Amino acid sequence: MNYTRSSALFAQAEKVIPGGVNSPVRAFKGVGGTPIFVKEAKGAYLYDEDGNRLIDYINSWGPMILGHAYQPVVDAVVEKAKKGTSFGMPTEIETQIAELAVSMVPNIDKIRFVNSGTEACMSAVRLARGFTKKDKIIKFAGCYHGHSDSFLIQAGSGASTFGTPNSPGVTQGTAKDTLLAAYNDIENVKQLVEANKNEIACIIIEPVAGNMGCVPPQNDFLNKLRTLCTAENILLIFDEVMTGFRLAKGGAQELFNINADIVCFGKVIGGGLPVGAFAARNDIMNELAPLGPVYQAGTLSGNPLAMAAGLAMLTELNNDAEVFNRLAEKTEYLHKGIAKVLNDNHIVHTINRVGSMISVHFDASPVVDFATAAKGNNDTFKKFFHGLLNEGVYIAPSAFETWFITDALSYEDLDFTINAVNKVAKTL
Ligand code: PMP
């Protein structure tokens, strides 16, 4: 494929934007080469500035669950825009989307909207600290909860791709309050809790990790965390920025039948516009300003365009009970197809999948945490990525990311992809 125009646009961007991008993983640093500049997208396809068509397995890192430029979402945004784009005052649509979200997600009474997943997680932790009157938090190596200071300790996603999981600029003071555990290792968490008795405000976790590739919770890990948190007066925060409204209507809480104390959302809840949210039961949410003393705010929070897109998206997901099954079936089909052709070509690999989240790791051993995710062969991944790109299939430009399946994918698209993997596998 030809990427002449993308290359030229990237060179131009590099002069005025650090690294040419507004979010690091877009720069292709993990895989080499020039990032692709998107011109437009529709359904399951991206169209780039050079006129190439790519089947999209990133889908804006999750939110385009029903496909790009999904008509009800586009219509809702266009209609809203004609009536003003921001007021910084209450609007009825904020209550409408809040009511719908509260009805779809188990175990929450109130929800507050923010502008990104980062804000949602940052605010959730502040709320947990304010509510429990404790300072320390536990996070898991390889989990990513946005780029606020407390979370840039062994963070996943782009932070891992670039080998900077601990960012300069995060003070020692902040870092010391973030304790790090290994995903799926309950004994490790218990030791930390024991060593920091009555000091831990919350444990934050991606209930299905998506930022070290896809890593499912194992051996009843989430249930064990729930029991531990309840016993120790620690709030359990599910970061459902990726899993929310994707794995099930009620996200991972519904899928695994486990109640978290605070739930964070992003991406899907905004239908592709910049939105995040955090939610909990009344006694926790009532601690937030203006009801309570924990401060949190935002000029553009609850922005009418974002709320219109989000309401349209959630309404579709709420009305189509089959969508989550369809997504899981398509992903399973892809999983089986890719596994078969990789096996046929004797490529050592492990595939992890939960619902419509899937990732391919180039290592034979099970991938259960960050240490095992990091063992994957990155050279093979780079060739795999560029090979697929050349065939017109776009996966995330990092081995530490998950593929997000969209309902817009047809079985022909999936067969095309499996065939592309087969061709690429012969070159690995
Ligand atoms: N939490 C998780 C689980 C995420 O995957 C992400 C982003 N990929 C975030 C938080 C941060 O969201 P945002 O990029 O919208 O700030």
# chains A, B, ... in the order shown; residues from 1 in each chain; ligands from 1
call {"tool": "residues_near_ligand", "arguments": {"ligand": "ligand 1", "cutoff": "6 Å", "atoms": "only C-alpha atoms and all ligand atoms", "output": "PyMOL selection string"}}
result
chain A and resi 116-118+144-146+206+239+241-242+266
call {"tool": "write_last_selection", "arguments": {"atoms": "C-alpha atoms", "output": "short mmCIF file (atom, residue, chain, number, x, y, z; two decimals), in the first residue's frame"}}
result
data_model
loop_
_atom_site.label_atom_id
_atom_site.label_comp_id
_atom_site.auth_asym_id
_atom_site.auth_seq_id
_atom_site.Cartn_x
_atom_site.Cartn_y
_atom_site.Cartn_z
CA SER A 116 -12.37 11.47 29.47
CA GLY A 117 -11.53 8.14 31.05
CA THR A 118 -8.56 9.80 32.75
CA TYR A 144 -3.91 1.73 32.59
CA HIS A 145 -6.29 4.19 34.18
CA GLY A 146 -5.42 7.31 32.25
CA GLU A 206 -9.63 -3.18 34.89
CA ASP A 239 -12.36 0.82 35.65
CA VAL A 241 -13.58 2.47 30.45
CA MET A 242 -13.08 -0.41 27.98
CA GLY A 266 -15.35 6.38 29.08
#
call {"tool": "residues_around", "arguments": {"residues": "range 81-93 of chain A", "least_positions_apart": "4", "cutoff": "9 Å", "atoms": "only C-alpha atoms", "output": "ChimeraX atom specification"}}
result
/A:76-77,97-98,298-305,307-308,311
call {"tool": "write_last_selection", "arguments": {"atoms": "N, CA and C atoms", "output": "mmCIF file, in the first residue's frame"}}
result
data_model
loop_
_atom_site.group_PDB
_atom_site.id
_atom_site.type_symbol
_atom_site.label_atom_id
_atom_site.label_comp_id
_atom_site.auth_asym_id
_atom_site.auth_seq_id
_atom_site.Cartn_x
_atom_site.Cartn_y
_atom_site.Cartn_z
ATOM 1 N N ALA A 76 -28.041 12.582 15.852
ATOM 2 C CA ALA A 76 -28.256 13.202 17.169
ATOM 3 C C ALA A 76 -27.286 14.372 17.372
ATOM 4 N N VAL A 77 -26.042 14.178 16.962
ATOM 5 C CA VAL A 77 -25.024 15.228 17.156
ATOM 6 C C VAL A 77 -25.330 16.432 16.262
ATOM 7 N N ILE A 97 -29.642 10.773 29.893
ATOM 8 C CA ILE A 97 -28.585 9.764 29.727
ATOM 9 C C ILE A 97 -28.212 9.171 31.092
ATOM 10 N N ALA A 98 -28.247 9.990 32.129
ATOM 11 C CA ALA A 98 -27.953 9.473 33.478
ATOM 12 C C ALA A 98 -28.993 8.418 33.867
ATOM 13 N N GLY A 298 -16.171 20.565 35.977
ATOM 14 C CA GLY A 298 -15.745 20.613 34.572
ATOM 15 C C GLY A 298 -16.638 21.503 33.725
ATOM 16 N N THR A 299 -16.042 22.508 33.082
ATOM 17 C CA THR A 299 -16.822 23.431 32.238
ATOM 18 C C THR A 299 -17.588 22.674 31.156
ATOM 19 N N LEU A 300 -16.911 21.718 30.528
ATOM 20 C CA LEU A 300 -17.551 21.026 29.404
ATOM 21 C C LEU A 300 -18.202 19.700 29.826
ATOM 22 N N SER A 301 -18.190 19.386 31.115
ATOM 23 C CA SER A 301 -18.812 18.134 31.557
ATOM 24 C C SER A 301 -20.304 18.162 31.281
ATOM 25 N N GLY A 302 -20.810 17.068 30.719
ATOM 26 C CA GLY A 302 -22.225 17.010 30.343
ATOM 27 C C GLY A 302 -22.515 17.822 29.095
ATOM 28 N N ASN A 303 -21.488 18.071 28.320
ATOM 29 C CA ASN A 303 -21.625 18.857 27.086
ATOM 30 C C ASN A 303 -22.749 18.313 26.188
ATOM 31 N N PRO A 304 -23.584 19.204 25.662
ATOM 32 C CA PRO A 304 -24.764 18.724 24.927
ATOM 33 C C PRO A 304 -24.461 17.818 23.725
ATOM 34 N N LEU A 305 -23.411 18.108 22.983
ATOM 35 C CA LEU A 305 -23.099 17.247 21.834
ATOM 36 C C LEU A 305 -22.685 15.857 22.310
ATOM 37 N N MET A 307 -23.426 14.455 25.156
ATOM 38 C CA MET A 307 -24.582 13.763 25.745
ATOM 39 C C MET A 307 -25.515 13.229 24.655
ATOM 40 N N ALA A 308 -25.664 13.995 23.577
ATOM 41 C CA ALA A 308 -26.547 13.554 22.481
ATOM 42 C C ALA A 308 -25.981 12.287 21.839
ATOM 43 N N LEU A 311 -26.294 9.422 24.414
ATOM 44 C CA LEU A 311 -27.672 8.950 24.604
ATOM 45 C C LEU A 311 -28.105 8.099 23.410
#
call {"tool": "select_by_dssp", "arguments": {"residues": "range 67-249 of chain A", "states": "strand (DSSP E)", "output": "PyMOL selection string"}}
result
chain A and resi 110-114+136-140+178-181+200-205+235-239
call {"tool": "write_last_selection", "arguments": {"atoms": "N, CA and C atoms", "output": "mmCIF file, in the first residue's frame"}}
result
data_model
loop_
_atom_site.group_PDB
_atom_site.id
_atom_site.type_symbol
_atom_site.label_atom_id
_atom_site.label_comp_id
_atom_site.auth_asym_id
_atom_site.auth_seq_id
_atom_site.Cartn_x
_atom_site.Cartn_y
_atom_site.Cartn_z
ATOM 1 N N LYS A 110 -26.237 6.917 41.197
ATOM 2 C CA LYS A 110 -25.974 8.221 40.575
ATOM 3 C C LYS A 110 -24.707 8.139 39.734
ATOM 4 N N ILE A 111 -24.659 8.992 38.730
ATOM 5 C CA ILE A 111 -23.508 9.004 37.816
ATOM 6 C C ILE A 111 -23.115 10.448 37.550
ATOM 7 N N ARG A 112 -21.811 10.722 37.489
ATOM 8 C CA ARG A 112 -21.380 12.069 37.090
ATOM 9 C C ARG A 112 -20.572 11.972 35.806
ATOM 10 N N PHE A 113 -20.879 12.859 34.866
ATOM 11 C CA PHE A 113 -20.189 12.850 33.569
ATOM 12 C C PHE A 113 -18.981 13.780 33.594
ATOM 13 N N VAL A 114 -17.905 13.305 32.974
ATOM 14 C CA VAL A 114 -16.684 14.094 32.806
ATOM 15 C C VAL A 114 -16.288 14.009 31.330
ATOM 16 N N LYS A 136 -3.872 5.699 50.630
ATOM 17 C CA LYS A 136 -3.174 4.837 49.668
ATOM 18 C C LYS A 136 -4.154 4.132 48.724
ATOM 19 N N ILE A 137 -3.626 3.797 47.550
ATOM 20 C CA ILE A 137 -4.442 3.031 46.605
ATOM 21 C C ILE A 137 -3.610 1.835 46.091
ATOM 22 N N ILE A 138 -4.303 0.811 45.666
ATOM 23 C CA ILE A 138 -3.618 -0.312 45.016
ATOM 24 C C ILE A 138 -4.056 -0.346 43.557
ATOM 25 N N LYS A 139 -3.074 -0.403 42.667
ATOM 26 C CA LYS A 139 -3.364 -0.647 41.256
ATOM 27 C C LYS A 139 -2.543 -1.846 40.798
ATOM 28 N N PHE A 140 -2.843 -2.333 39.599
ATOM 29 C CA PHE A 140 -2.166 -3.537 39.107
ATOM 30 C C PHE A 140 -1.189 -3.188 37.985
ATOM 31 N N THR A 178 0.724 5.069 45.796
ATOM 32 C CA THR A 178 0.202 4.073 44.850
ATOM 33 C C THR A 178 0.969 2.769 45.025
ATOM 34 N N LEU A 179 0.294 1.757 45.505
ATOM 35 C CA LEU A 179 0.927 0.448 45.712
ATOM 36 C C LEU A 179 0.604 -0.429 44.507
ATOM 37 N N LEU A 180 1.560 -1.264 44.172
ATOM 38 C CA LEU A 180 1.465 -2.010 42.924
ATOM 39 C C LEU A 180 1.332 -3.509 43.178
ATOM 40 N N ALA A 181 0.334 -4.123 42.564
ATOM 41 C CA ALA A 181 0.157 -5.570 42.720
ATOM 42 C C ALA A 181 0.189 -6.235 41.351
ATOM 43 N N ILE A 200 -5.469 1.825 53.172
ATOM 44 C CA ILE A 200 -5.805 1.744 51.747
ATOM 45 C C ILE A 200 -7.251 2.165 51.487
ATOM 46 N N ALA A 201 -7.377 3.209 50.661
ATOM 47 C CA ALA A 201 -8.705 3.745 50.336
ATOM 48 C C ALA A 201 -9.413 2.874 49.311
ATOM 49 N N CYS A 202 -8.674 2.436 48.296
ATOM 50 C CA CYS A 202 -9.343 1.719 47.211
ATOM 51 C C CYS A 202 -8.376 0.817 46.450
ATOM 52 N N ILE A 203 -8.969 -0.163 45.805
ATOM 53 C CA ILE A 203 -8.241 -0.981 44.832
ATOM 54 C C ILE A 203 -8.906 -0.696 43.491
ATOM 55 N N ILE A 204 -8.114 -0.239 42.529
ATOM 56 C CA ILE A 204 -8.678 0.042 41.198
ATOM 57 C C ILE A 204 -8.170 -1.005 40.222
ATOM 58 N N ILE A 205 -9.080 -1.515 39.415
ATOM 59 C CA ILE A 205 -8.714 -2.606 38.499
ATOM 60 C C ILE A 205 -9.515 -2.516 37.203
ATOM 61 N N LEU A 235 -12.615 0.489 49.195
ATOM 62 C CA LEU A 235 -13.560 0.549 48.072
ATOM 63 C C LEU A 235 -12.947 -0.151 46.851
ATOM 64 N N LEU A 236 -13.774 -0.933 46.188
ATOM 65 C CA LEU A 236 -13.342 -1.611 44.957
ATOM 66 C C LEU A 236 -13.813 -0.783 43.768
ATOM 67 N N ILE A 237 -12.852 -0.311 42.974
ATOM 68 C CA ILE A 237 -13.195 0.494 41.790
ATOM 69 C C ILE A 237 -12.984 -0.355 40.542
ATOM 70 N N PHE A 238 -14.032 -0.535 39.780
ATOM 71 C CA PHE A 238 -13.895 -1.174 38.471
ATOM 72 C C PHE A 238 -13.699 -0.071 37.433
ATOM 73 N N ASP A 239 -12.563 -0.082 36.781
ATOM 74 C CA ASP A 239 -12.357 0.821 35.650
ATOM 75 C C ASP A 239 -12.928 0.126 34.420
#
call {"tool": "closest_atom_pairs", "arguments": {"of": "range 332-417 of chain A", "to": "range 216-222 of chain A", "cutoff": "8 Å", "atoms": "only C-alpha atoms", "output": "Markdown table"}}
result
| residue | atom | partner | partner_atom | distance |
| --- | --- | --- | --- | --- |
| A:Asn352 | CA | A:Pro216 | CA | 7.4 |
| A:Arg353 | CA | A:Pro216 | CA | 7.4 |
| A:Val354 | CA | A:Pro216 | CA | 6.7 |
| A:Val368 | CA | A:Pro216 | CA | 7.2 |
call {"tool": "write_last_selection", "arguments": {"atoms": "N, CA and C atoms", "output": "JSON list (two decimals), in the first residue's frame"}}
result
[["chain", "number", "residue", "atom", "x", "y", "z"],
["A", 352, "ASN", "N", -5.92, -14.38, 23.82],
["A", 352, "ASN", "CA", -6.83, -14.14, 24.94],
["A", 352, "ASN", "C", -8.08, -13.45, 24.43],
["A", 353, "ARG", "N", -9.23, -13.82, 24.97],
["A", 353, "ARG", "CA", -10.48, -13.20, 24.51],
["A", 353, "ARG", "C", -11.50, -13.20, 25.64],
["A", 354, "VAL", "N", -12.18, -12.08, 25.76],
["A", 354, "VAL", "CA", -13.39, -12.01, 26.61],
["A", 354, "VAL", "C", -14.40, -11.19, 25.83],
["A", 368, "VAL", "N", -1.26, -13.96, 31.81],
["A", 368, "VAL", "CA", -2.17, -13.75, 32.95],
["A", 368, "VAL", "C", -1.91, -12.46, 33.70]]
call {"tool": "closest_residue", "arguments": {"among": "A:Cys143, A:Ala420, A:Val393, A:Leu192", "to": "Ala44 in chain A", "atoms": "only C-alpha atoms"}}
result
A:Val393
call {"tool": "select_by_dssp", "arguments": {"residues": "range 223-361 of chain A", "states": "alpha helix (DSSP H)", "output": "count of residues only"}}
result
58
call {"tool": "residues_around", "arguments": {"residues": "Ala289 in chain A", "least_positions_apart": "3", "cutoff": "12 Å", "atoms": "only C-alpha atoms", "output": "compact mmCIF listing (two decimals) with C-alpha atoms, in the first residue's frame"}}
result
# COMPACT_ATOMS: atom_id res chain seq x y z
CA ARG A 112 -21.38 12.07 37.09
CA SER A 123 -12.09 11.61 40.24
CA ARG A 126 -10.33 11.18 44.96
CA LEU A 127 -13.88 10.25 45.89
CA GLY A 130 -12.59 11.33 50.61
CA ILE A 284 -20.65 7.38 48.04
CA MET A 285 -21.86 9.75 45.32
CA ASN A 286 -23.43 12.10 47.88
CA GLY A 292 -20.52 16.82 49.88
CA PRO A 293 -16.95 18.00 50.41
CA VAL A 294 -15.10 16.05 47.66
CA TYR A 295 -14.49 18.55 44.88
CA GLN A 296 -14.81 17.70 41.20
CA ALA A 297 -15.92 19.90 38.32
CA GLY A 298 -15.75 20.61 34.57
call {"tool": "residues_around", "arguments": {"residues": "Phe362 in chain A", "least_positions_apart": "3", "cutoff": "9 Å", "atoms": "only C-alpha atoms", "output": "PDB file with C-alpha atoms, in the first residue's frame"}}
result
ATOM      1  CA  ILE A 347       3.523 -19.759  14.765  1.00  0.00           C
ATOM      2  CA  VAL A 348       3.920 -19.878  18.539  1.00  0.00           C
ATOM      3  CA  HIS A 349       1.137 -17.798  20.043  1.00  0.00           C
ATOM      4  CA  THR A 350      -1.498 -17.342  22.742  1.00  0.00           C
ATOM      5  CA  ILE A 351      -4.851 -15.708  22.091  1.00  0.00           C
ATOM      6  CA  LYS A 375       7.295 -11.966  27.349  1.00  0.00           C
ATOM      7  CA  GLY A 376       5.635 -11.813  23.916  1.00  0.00           C
ATOM      8  CA  ASN A 377       7.993 -11.612  20.945  1.00  0.00           C
ATOM      9  CA  ASN A 378       7.861  -7.985  19.874  1.00  0.00           C
ATOM     10  CA  THR A 380       7.159 -11.020  15.507  1.00  0.00           C
ATOM     11  CA  PHE A 381       4.438  -8.611  16.573  1.00  0.00           C
ATOM     12  CA  ALA A 399       1.483  -5.656  21.481  1.00  0.00           C
TER      13      ALA A 399
END
call {"tool": "closest_residue", "arguments": {"among": "A:Ile418, A:Leu255, A:Val25, A:Val74", "to": "Val208 in chain A", "atoms": "only C-alpha atoms"}}
result
A:Leu255
call {"tool": "atom_distance", "arguments": {"atom1": "CA of Tyr3 in chain A", "atom2": "CA of Gly51 in chain A"}}
result
8.9 Å
call {"tool": "closest_residue", "arguments": {"among": "A:Phe256, A:Phe416, A:Tyr394, A:Trp403", "to": "Arg53 in chain A", "atoms": "only C-alpha atoms"}}
result
A:Tyr394
call {"tool": "closest_residue", "arguments": {"among": "A:Ala371, A:Val102, A:Val421, A:Ile405", "to": "Glu391 in chain A", "atoms": "only C-alpha atoms"}}
result
A:Val421
call {"tool": "closest_residue", "arguments": {"among": "A:Val360, A:Ala13, A:Ala408, A:Ala306", "to": "Val78 in chain A", "atoms": "only C-alpha atoms"}}
result
A:Ala306
call {"tool": "closest_residue", "arguments": {"among": "A:Asp413, A:Cys121, A:Ile36, A:Asn107", "to": "Gly250 in chain A", "atoms": "only C-alpha atoms"}}
result
A:Asn107
call {"tool": "atom_distance", "arguments": {"atom1": "CA of Gly272 in chain A", "atom2": "CA of Val323 in chain A"}}
result
17.8 Å
